[in-house]
Amino acid sequence: TEISTPDFTPEIQGGALAEFDEYRCFLVDPQLPGDRFLTGYDVQPGNEAIVHHVLVMPVDPDLAVGGGMTNADVMQSLDDESPTREGWPCFGEAGDGVEISGIPVVWAPGQGIVEFPEGTGLRVRDNEQLVIQVHYNLADPTTIGMSDQSTIALRLEQQVEREGFMLLHDPFLYSIFDEPAQLPPGEPSVEYAWELPVADLLDWTGLPGVELYGVFPHMHEHGHAIDMQIDGPSGSECAAQIRSWDFHWQLQYFFQQPRTLRPDEVLRVTCDFDTVGADEPVLPGWGTHNEMCLMGMYLVP
């Protein structure tokens with residue numbers, strides 16, 4: 001199945017947390033004959049000069065989301081706010097008030113084709129529509145006025161042995177909603193670390209247990225290195241380590257063997273940033289010139 005965004009010309013409108021950026025969401029109805037499982041995908045950005053990332057999120061249009069509104073009502077309301085432009089603004093997932101059922105497609109520059117481990121896949125329900133979120137970056141003045149039409153090829157199968165899901169976690173980014181974390185300027189190495197107890201993860205999902213099948217690390221242009229450790233009673237184990245981060249070469253990494261996560265373990269992620277060249281503290285945010293310390297995880301119950 002192939003889906004695409006409209007031919008769209010982004011405009012800078014991100015504010016302080018995305019100074020040169022626009023996040024735009026577009027709705028596509030795949031019209032599936034029944035539930036399907038995503039086992040692979042390939043995102044082809046139409047204009048690599050301005051496409052920072054692409055997400056695809058299944059949304060149940062009939063889901064009641066409060067205030068007497070459904071997802072469809074909220075998306076229509078958001079779309080109506082800019083009637084002369086395709087789609088709607090969506091800093092963070094599918095837009096304010098829209099409830100998604102997952103983020104099965106995650107693309108960043110350099111990624112290439114993604115194939116999930118054999119026997120696993122991510123569910124897309126027959127009643128769901130797909131919201132494509134594209135992050136456009138216009139920091140280069142020569143890109144202003146450029147357009148993009150990106151396409152996503154989805155490999156959808158009728159069944160898989162085990163159903164997985166993607167979790168994207170980033171407390172550094174989340175800090176913008178309370179007291180934003182700051183990275184001091186002019187430093188060749190500034191670390192930010194966060195932890196996620198597996199017990200908390202299981203509480204969020206309501207699952208008795210999960211296996212970690214792979215990871216998707218993500219930072220922006222100040223990123224220098226990123227790693228994830230699994231700490232438990234028997235010691236610490238490396239789950240991911242990138243010693244020379246390159247924004248233009250990002251991948252999803254799948255393990256040769258999945259790693260069972262135990263309730264008494266803690267996931268610890270450390271991001272190392274190079275802020276040399278920055279005149280002011282670097283803040284978390286959605287813009288390419290802001291920073292993130294995100295670890296995506298492909299988990300299978």
# chains A, B, ... in the order shown; residues from 1 in each chain; ligands from 1
$ select_by_dssp --residues "segment 166-211 of chain A" --states "alpha helix (DSSP H)" --output "number ranges by chain"
A: 171-174, 198-205
$ write_last_selection --atoms "N, CA and C atoms" --output "CSV table (one decimal), in the first residue's frame"
chain,number,residue,atom,x,y,z
A,171,PRO,N,12.1,12.4,28.1
A,171,PRO,CA,11.8,13.3,29.2
A,171,PRO,C,12.5,14.7,29.0
A,172,PHE,N,13.6,14.7,28.2
A,172,PHE,CA,14.2,16.0,27.9
A,172,PHE,C,13.3,16.9,27.2
A,173,LEU,N,12.6,16.4,26.1
A,173,LEU,CA,11.6,17.1,25.4
A,173,LEU,C,10.4,17.5,26.2
A,174,TYR,N,10.0,16.5,27.0
A,174,TYR,CA,8.8,16.7,27.9
A,174,TYR,C,9.0,17.8,28.9
A,198,VAL,N,11.3,-0.3,34.3
A,198,VAL,CA,10.4,-1.2,33.5
A,198,VAL,C,9.1,-1.4,34.1
A,199,ALA,N,9.0,-1.3,35.5
A,199,ALA,CA,7.8,-1.5,36.2
A,199,ALA,C,6.8,-0.4,35.8
A,200,ASP,N,7.3,0.9,35.6
A,200,ASP,CA,6.5,2.0,35.2
A,200,ASP,C,6.0,1.7,33.7
A,201,LEU,N,6.8,1.2,32.9
A,201,LEU,CA,6.5,0.9,31.5
A,201,LEU,C,5.3,-0.1,31.5
A,202,LEU,N,5.4,-1.1,32.3
A,202,LEU,CA,4.4,-2.1,32.3
A,202,LEU,C,3.1,-1.6,32.9
A,203,ASP,N,3.2,-0.7,33.8
A,203,ASP,CA,2.0,0.0,34.4
A,203,ASP,C,1.3,0.8,33.3
A,204,TRP,N,2.1,1.6,32.5
A,204,TRP,CA,1.5,2.4,31.5
A,204,TRP,C,0.7,1.5,30.5
A,205,THR,N,1.3,0.4,30.1
A,205,THR,CA,0.7,-0.4,29.0
A,205,THR,C,-0.2,-1.4,29.5
$ select_by_dssp --residues "segment 62-113 of chain A" --states "strand (DSSP E)" --output "PyMOL selection string"
chain A and resi 64-66+69-70+88-89+105-107
$ closest_atom_pairs --of "segment 208-265 of chain A" --to "segment 272-291 of chain A" --cutoff "10 Å" --atoms "only C-alpha atoms" --output "CSV"
residue,atom,partner,partner_atom,distance
A:His218,CA,A:Glu291,CA,9.5
A:Met219,CA,A:Glu291,CA,6.3
A:His220,CA,A:Glu291,CA,5.4
A:Glu221,CA,A:His289,CA,6.9
A:His222,CA,A:Asp274,CA,5.2
A:Gly223,CA,A:Phe273,CA,4.6
A:His224,CA,A:Phe273,CA,5.0
A:Ala225,CA,A:Asp272,CA,5.0
A:Ile226,CA,A:Asp272,CA,6.1
A:Asp227,CA,A:Asp272,CA,8.9
A:Arg243,CA,A:Asp272,CA,9.3
A:Trp245,CA,A:Asp272,CA,9.3
A:Phe247,CA,A:Thr288,CA,9.8
$ write_last_selection --atoms "N, CA, C and O atoms" --output "mmCIF file, in the first residue's frame"
data_model
loop_
_atom_site.group_PDB
_atom_site.id
_atom_site.type_symbol
_atom_site.label_atom_id
_atom_site.label_comp_id
_atom_site.auth_asym_id
_atom_site.auth_seq_id
_atom_site.Cartn_x
_atom_site.Cartn_y
_atom_site.Cartn_z
ATOM 1 N N HIS A 218 17.302 9.147 18.759
ATOM 2 C CA HIS A 218 17.083 10.374 17.985
ATOM 3 C C HIS A 218 17.511 11.600 18.779
ATOM 4 O O HIS A 218 17.070 11.810 19.913
ATOM 5 N N MET A 219 18.408 12.375 18.166
ATOM 6 C CA MET A 219 18.783 13.697 18.667
ATOM 7 C C MET A 219 18.806 14.629 17.456
ATOM 8 O O MET A 219 18.460 14.223 16.344
ATOM 9 N N HIS A 220 19.182 15.888 17.700
ATOM 10 C CA HIS A 220 19.274 16.838 16.598
ATOM 11 C C HIS A 220 20.737 17.164 16.304
ATOM 12 O O HIS A 220 21.606 16.324 16.524
ATOM 13 N N GLU A 221 21.012 18.377 15.839
ATOM 14 C CA GLU A 221 22.333 18.673 15.276
ATOM 15 C C GLU A 221 23.418 18.884 16.321
ATOM 16 O O GLU A 221 24.605 18.854 15.999
ATOM 17 N N HIS A 222 23.042 19.138 17.596
ATOM 18 C CA HIS A 222 24.050 19.233 18.654
ATOM 19 C C HIS A 222 24.416 17.859 19.196
ATOM 20 O O HIS A 222 25.361 17.742 19.983
ATOM 21 N N GLY A 223 23.659 16.822 18.826
ATOM 22 C CA GLY A 223 23.912 15.485 19.340
ATOM 23 C C GLY A 223 25.303 14.997 18.982
ATOM 24 O O GLY A 223 25.773 15.169 17.857
ATOM 25 N N HIS A 224 25.944 14.358 19.959
ATOM 26 C CA HIS A 224 27.314 13.851 19.756
ATOM 27 C C HIS A 224 27.374 12.335 19.964
ATOM 28 O O HIS A 224 28.011 11.617 19.206
ATOM 29 N N ALA A 225 26.674 11.843 21.003
ATOM 30 C CA ALA A 225 26.652 10.408 21.294
ATOM 31 C C ALA A 225 25.404 10.100 22.112
ATOM 32 O O ALA A 225 24.855 10.969 22.787
ATOM 33 N N ILE A 226 24.960 8.847 22.030
ATOM 34 C CA ILE A 226 23.780 8.430 22.791
ATOM 35 C C ILE A 226 23.907 6.948 23.122
ATOM 36 O O ILE A 226 24.417 6.160 22.304
ATOM 37 N N ASP A 227 23.501 6.580 24.339
ATOM 38 C CA ASP A 227 23.509 5.157 24.683
ATOM 39 C C ASP A 227 22.360 4.840 25.629
ATOM 40 O O ASP A 227 21.772 5.732 26.241
ATOM 41 N N ARG A 243 28.479 6.152 19.248
ATOM 42 C CA ARG A 243 29.583 6.993 19.708
ATOM 43 C C ARG A 243 29.850 8.180 18.799
ATOM 44 O O ARG A 243 30.582 9.085 19.162
ATOM 45 N N TRP A 245 27.297 10.307 16.700
ATOM 46 C CA TRP A 245 25.957 10.594 16.196
ATOM 47 C C TRP A 245 26.010 11.472 14.953
ATOM 48 O O TRP A 245 26.751 12.448 14.902
ATOM 49 N N PHE A 247 23.146 13.334 12.462
ATOM 50 C CA PHE A 247 21.730 13.600 12.222
ATOM 51 C C PHE A 247 21.285 13.086 10.854
ATOM 52 O O PHE A 247 20.128 12.692 10.671
#
$ closest_atom_pairs --of "segment 190-291 of chain A" --to "segment 114-126 of chain A" --cutoff "12 Å" --atoms "only C-alpha atoms" --output "CSV"
residue,atom,partner,partner_atom,distance
A:Glu211,CA,A:Thr120,CA,11.7
A:Leu212,CA,A:Pro117,CA,11.3
A:Tyr213,CA,A:Pro117,CA,7.6
A:Gly214,CA,A:Pro117,CA,8.8
A:Val215,CA,A:Phe116,CA,11.3
A:Phe216,CA,A:Val114,CA,11.2
A:Gln250,CA,A:Val114,CA,11.5
A:Leu251,CA,A:Val114,CA,8.5
A:Gln252,CA,A:Val114,CA,7.3
A:Tyr253,CA,A:Val114,CA,9.4
A:Phe254,CA,A:Pro117,CA,7.1
A:Phe255,CA,A:Pro117,CA,8.6
A:Gln256,CA,A:Pro117,CA,8.8
A:Gln257,CA,A:Pro117,CA,9.5
A:Pro258,CA,A:Pro117,CA,9.4
$ residues_around --residues "Val54 of chain A" --least-positions-apart "2" --cutoff "7 Å" --atoms "only C-alpha atoms" --output "PDB file with N, CA and C atoms, in the first residue's frame"
ATOM      1  N   VAL A  56       3.824   8.208  10.911  1.00  0.00           N
ATOM      2  CA  VAL A  56       2.483   7.796  10.497  1.00  0.00           C
ATOM      3  C   VAL A  56       1.795   7.179  11.713  1.00  0.00           C
ATOM      4  N   VAL A 106       8.162   5.496  11.792  1.00  0.00           N
ATOM      5  CA  VAL A 106       9.045   6.557  12.276  1.00  0.00           C
ATOM      6  C   VAL A 106      10.195   6.668  11.289  1.00  0.00           C
ATOM      7  N   TRP A 107      10.323   7.833  10.645  1.00  0.00           N
ATOM      8  CA  TRP A 107      11.395   8.013   9.654  1.00  0.00           C
ATOM      9  C   TRP A 107      12.194   9.268   9.964  1.00  0.00           C
ATOM     10  N   ALA A 108      13.509   9.159   9.817  1.00  0.00           N
ATOM     11  CA  ALA A 108      14.407  10.304   9.944  1.00  0.00           C
ATOM     12  C   ALA A 108      15.474  10.193   8.854  1.00  0.00           C
ATOM     13  N   GLN A 133       2.393  12.813   9.850  1.00  0.00           N
ATOM     14  CA  GLN A 133       2.988  14.048  10.359  1.00  0.00           C
ATOM     15  C   GLN A 133       4.339  14.262   9.679  1.00  0.00           C
ATOM     16  N   VAL A 134       4.521  15.432   9.096  1.00  0.00           N
ATOM     17  CA  VAL A 134       5.810  15.787   8.496  1.00  0.00           C
ATOM     18  C   VAL A 134       6.367  17.004   9.223  1.00  0.00           C
ATOM     19  N   HIS A 135       7.611  16.900   9.644  1.00  0.00           N
ATOM     20  CA  HIS A 135       8.327  18.039  10.230  1.00  0.00           C
ATOM     21  C   HIS A 135       9.172  18.660   9.131  1.00  0.00           C
TER      22      HIS A 135
END
$ closest_atom_pairs --of "segment 145-181 of chain A" --to "segment 22-30 of chain A" --cutoff "12 Å" --atoms "only C-alpha atoms" --output "Markdown table"
| residue | atom | partner | partner_atom | distance |
| --- | --- | --- | --- | --- |
| A:Asp148 | CA | A:Arg24 | CA | 11.7 |
| A:Gln149 | CA | A:Phe26 | CA | 11.3 |
| A:Ser150 | CA | A:Phe26 | CA | 11.2 |
| A:Thr151 | CA | A:Val28 | CA | 11.7 |
| A:Ile152 | CA | A:Val28 | CA | 11.4 |
| A:Ala153 | CA | A:Pro30 | CA | 11.7 |
| A:Leu154 | CA | A:Pro30 | CA | 10.3 |
| A:Leu156 | CA | A:Pro30 | CA | 10.9 |
$ residues_around --residues "segment 139-147 of chain A" --least-positions-apart "3" --cutoff "10 Å" --atoms "only C-alpha atoms" --output "list in words"
Pro6, Asp7, Phe8, Thr9, Pro10, Glu11, Ile12, Ala18, Glu19, Phe20, Asp21, Gly46, Asn47, Ala49, Ile50, Val51, Tyr136, Gly287, Thr288 and His289 of chain A
$ closest_residue --among "A:Cys90, A:Val98, A:Leu78, A:Ile103" --to "Pro58 of chain A" --atoms "only C-alpha atoms"
A:Ile103
$ closest_residue --among "A:Met292, A:Ala94, A:Leu17, A:Val160" --to "Leu38 of chain A" --atoms "only C-alpha atoms"
A:Val160
$ residues_around --residues "Glu99 of chain A" --least-positions-apart "6" --cutoff "12 Å" --atoms "only C-alpha atoms" --output "list in words"
Met57, Pro58, Val59, Asp60, Pro61, Asp62, Leu63, Ala64, Val65, Gly66, Met69, Thr70, Asn71, Ala72, Asp73, Val74, Met75, Gly92, Glu93, Glu128, Gln129, Leu130 and Val131 of chain A
$ atom_distance --atom1 "atom CA of Trp194 of chain A" --atom2 "atom CA of Asp231 of chain A"
12.6 Å
$ atom_distance --atom1 "atom CA of Gly102 of chain A" --atom2 "atom CA of Pro180 of chain A"
26.0 Å
$ atom_distance --atom1 "atom CA of Ile113 of chain A" --atom2 "atom CA of Trp249 of chain A"
12.8 Å
$ closest_residue --among "A:Gly95, A:Ala181, A:Gln111, A:Glu81" --to "Asp42 of chain A" --atoms "only C-alpha atoms"
A:Gln111
